[in-house]
Amino acid sequence: MFTTLERRRQNVSQSVTTTTKIITGHVVSPLSGADRETLDLERGAVVVCDGRILDVGEARTMIDDYPEASVESYGDRLIIPGFIDCHAHYSQMAMIASPGLQLLEWLDNFTFPAESEFADAGHCAEMADFFTTQMIAHGVTSACVYATVHPESVRALFRSAKSKNLRIMTGKVCMDRHAPEHLLDTPELAYEQSRELLEEWHGVGRLEYAITPRFAPTSSVRQLELLGQLAQEHPEAVIQTHLSENPAECAWVSELFPEEADYTAVYERFGLVRKRAVFGHATHVSDSELSRLGSGQASLAHCPTSNLFLGSGLFTLKKNAQIAGLKIGLGSDVGAGTSLSPLVSLNEAYKVSRSVGGPLDSFEALRLATLDSAEALGIEDSVGSLEAGKDADVVILDPETNPVLRMRASHAKTTAELLFATMMLGDDRTIHGVYVAGSKTR
Ligand SMILES: [Zn+2]
């Protein structure tokens, strides 16, 4: 009979290689399972081997169990899963923080001119590299991202993400009406270009393709039909679009699709409501729509900094989280959102939750930006928590990097309090280190 330790050592001797390392610090991570528990190990460790998490536990035990491994110690710093951004536009980094307008006018005045520049391949490459570099700087290791109508904008982001081994889902924005002429495709072109890109990139390393109609007003019925057909032909693909972000947009959709009962029904009609379909915003949806989105196993991206910045509306997180089948993740929605930092998004999400739905606590907030987001994107088997078998996407948070947070953190008596202060007062300065699939990249 082997003791547990002997059995563990026997397993270890088979799996430990020279690349095994132990990352020690204050480990905090949501855990998979219906109980939604949080792992909290003040002197914890994550054992990493060949890009994956091999084990997680008390630091002393891990060091005893894996004597061959090197140790990278982060003292009291927080060790959490890499953040996941469910909704961002890399094409909008040059016009982030453009004020004074609501959604539809903001698109016309700021977004479409910025996206026009992606007709140039050099610009695509430069912006893609800027975005992926900033993702890491903000502790984001996975993201679902809109490119532009130009196929090269998709290739540039995939290439850049591949070079950094980031987990990226992106797709060509499809628009064949209600946008400047030079940004329009056609139903057939949207289908063909999306299909080509999907076949070229889906499943390459950590990359996946997202079928991306911008939103119902900029796609004709024929385009939505063809994108629905593409989705049916590729059930493995992600779908991303916008839903009920702003009252004027909702009224416009009612005019454009008078035969549909509501905005969600437009996407349902074309087979675009399903598992791994990620709808940005959903701040003005009815109970009936929420329940149908849940039955369709679809996902919503809560984008608090964007909703507040554009004055779009308030997302009722806690109420929506009760809807059976519905998954909810966190999105930066840059450039309408004002920060790539999930800490900043959680700060705003907390403030919104005080007004609608009920307050978000710090462990729920951490889960929203990690494991809940992974589930919303359908990548929870690989990322979203520090659990054995998952990719070693790990972020080290240092609450000592800004003076106000340092002062507040020194008075925190519990992990929940420390984490909450870090979310309210932290930003990219708080990101002390980032491991992407086990490699230290920052
Ligand atoms: Zn968006």
# chains A, B, ... in the order shown; residues from 1 in each chain; ligands from 1
>>> closest_atom_pairs(of="segment 249-295 of chain A", to="segment 135-153 of chain A", cutoff="12 Å", atoms="only C-alpha atoms", output="JSON lines")
{"residue": "A:Arg276", "atom": "CA", "partner": "A:Cys144", "partner_atom": "CA", "distance": 10.9}
{"residue": "A:Ala277", "atom": "CA", "partner": "A:Cys144", "partner_atom": "CA", "distance": 11.0}
{"residue": "A:Val278", "atom": "CA", "partner": "A:Cys144", "partner_atom": "CA", "distance": 8.9}
{"residue": "A:Phe279", "atom": "CA", "partner": "A:Cys144", "partner_atom": "CA", "distance": 11.1}
{"residue": "A:Gly280", "atom": "CA", "partner": "A:Cys144", "partner_atom": "CA", "distance": 10.7}
>>> residues_near_ligand(ligand="ligand 1", cutoff="7 Å", atoms="only C-alpha atoms and all ligand atoms", output="ChimeraX atom specification")
/A:87-89,242,280,333
>>> write_last_selection(atoms="C-alpha atoms", output="compact mmCIF listing (two decimals), in the first residue's frame")
# COMPACT_ATOMS: atom_id res chain seq x y z
CA HIS A 87 -15.43 42.20 -25.18
CA ALA A 88 -12.88 44.64 -26.60
CA HIS A 89 -12.18 46.47 -29.87
CA HIS A 242 -23.74 43.78 -29.58
CA GLY A 280 -22.01 42.77 -25.50
CA ASP A 333 -15.22 47.34 -24.37
>>> select_by_dssp(residues="segment 236-356 of chain A", states="strand (DSSP E)", output="list in words")
Val238, Ile239, Gln240, Thr241, His242, Leu243, Ala277, Val278, Phe279, Gly280, His281, Ser299, Leu300, Ala301, His302, Lys327, Ile328, Gly329 and Leu330 of chain A
>>> residues_around(residues="Thr133 of chain A", least_positions_apart="3", cutoff="12 Å", atoms="only C-alpha atoms", output="JSON, numbers by chain")
{"A": [90, 126, 127, 128, 129, 130, 136, 137, 138, 139, 140, 141, 157, 160, 161, 163, 164, 165, 166, 340, 434, 441, 442]}
>>> write_last_selection(atoms="C-alpha atoms", output="JSON list (two decimals), in the first residue's frame")
[["chain", "number", "residue", "atom", "x", "y", "z"],
["A", 90, "TYR", "CA", -8.45, 46.58, -30.57],
["A", 126, "GLU", "CA", 1.30, 48.26, -35.28],
["A", 127, "MET", "CA", -2.05, 48.45, -33.47],
["A", 128, "ALA", "CA", -2.25, 44.68, -32.97],
["A", 129, "ASP", "CA", 1.16, 44.64, -31.35],
["A", 130, "PHE", "CA", 0.28, 47.64, -29.18],
["A", 136, "ILE", "CA", -0.23, 41.66, -20.83],
["A", 137, "ALA", "CA", 0.63, 44.92, -19.07],
["A", 138, "HIS", "CA", -2.91, 44.93, -17.66],
["A", 139, "GLY", "CA", -2.82, 41.26, -16.62],
["A", 140, "VAL", "CA", -5.15, 40.04, -19.39],
["A", 141, "THR", "CA", -4.14, 36.68, -20.86],
["A", 157, "LEU", "CA", -4.14, 40.40, -34.35],
["A", 160, "SER", "CA", 0.59, 39.18, -32.77],
["A", 161, "ALA", "CA", -1.33, 37.04, -30.26],
["A", 163, "SER", "CA", 3.82, 35.47, -31.10],
["A", 164, "LYS", "CA", 2.96, 36.10, -27.43],
["A", 165, "ASN", "CA", 0.99, 32.85, -26.99],
["A", 166, "LEU", "CA", -2.10, 34.77, -25.80],
["A", 340, "LEU", "CA", -8.04, 47.74, -20.37],
["A", 434, "VAL", "CA", 2.31, 37.79, -15.76],
["A", 441, "THR", "CA", 6.28, 37.55, -19.93],
["A", 442, "ARG", "CA", 6.38, 40.46, -17.51]]
>>> residues_around(residues="Pro213 of chain A", least_positions_apart="6", cutoff="10 Å", atoms="only C-alpha atoms", output="PyMOL selection string")
chain A and resi 146+149+171-176+190+219+223-224+227-228+239-242+272
>>> atom_distance(atom1="atom CA of Leu207 of chain A", atom2="atom CA of Gly438 of chain A")
16.9 Å
>>> residues_around(residues="Leu326 of chain A", least_positions_apart="6", cutoff="7 Å", atoms="only C-alpha atoms", output="list in words")
Leu293, Gly294, Gln297, Ala298 and Ser299 of chain A
>>> write_last_selection(atoms="all heavy atoms", output="JSON list (two decimals), in the first residue's frame")
[["chain", "number", "residue", "atom", "x", "y", "z"],
["A", 293, "LEU", "N", -32.26, 33.93, -23.87],
["A", 293, "LEU", "CA", -30.79, 33.88, -24.02],
["A", 293, "LEU", "C", -30.23, 32.76, -23.14],
["A", 293, "LEU", "O", -29.32, 32.03, -23.53],
["A", 293, "LEU", "CB", -30.16, 35.23, -23.63],
["A", 293, "LEU", "CG", -30.41, 36.37, -24.63],
["A", 293, "LEU", "CD1", -30.21, 37.73, -23.97],
["A", 293, "LEU", "CD2", -29.48, 36.23, -25.85],
["A", 294, "GLY", "N", -30.81, 32.62, -21.94],
["A", 294, "GLY", "CA", -30.38, 31.55, -21.03],
["A", 294, "GLY", "C", -30.70, 30.18, -21.60],
["A", 294, "GLY", "O", -29.85, 29.28, -21.60],
["A", 297, "GLN", "N", -28.31, 29.04, -23.96],
["A", 297, "GLN", "CA", -26.95, 28.88, -23.38],
["A", 297, "GLN", "C", -25.99, 29.96, -23.88],
["A", 297, "GLN", "O", -24.79, 29.72, -24.02],
["A", 297, "GLN", "CB", -26.37, 27.51, -23.69],
["A", 297, "GLN", "CG", -27.22, 26.37, -23.15],
["A", 297, "GLN", "CD", -26.52, 25.04, -23.35],
["A", 297, "GLN", "OE1", -25.48, 24.78, -22.77],
["A", 297, "GLN", "NE2", -27.08, 24.21, -24.20],
["A", 298, "ALA", "N", -26.54, 31.13, -24.19],
["A", 298, "ALA", "CA", -25.70, 32.23, -24.68],
["A", 298, "ALA", "C", -25.02, 32.95, -23.52],
["A", 298, "ALA", "O", -25.27, 32.64, -22.35],
["A", 298, "ALA", "CB", -26.57, 33.20, -25.48],
["A", 299, "SER", "N", -24.17, 33.92, -23.87],
["A", 299, "SER", "CA", -23.39, 34.64, -22.87],
["A", 299, "SER", "C", -23.56, 36.14, -23.05],
["A", 299, "SER", "O", -23.76, 36.62, -24.16],
["A", 299, "SER", "CB", -21.91, 34.30, -23.02],
["A", 299, "SER", "OG", -21.71, 32.91, -22.97]]
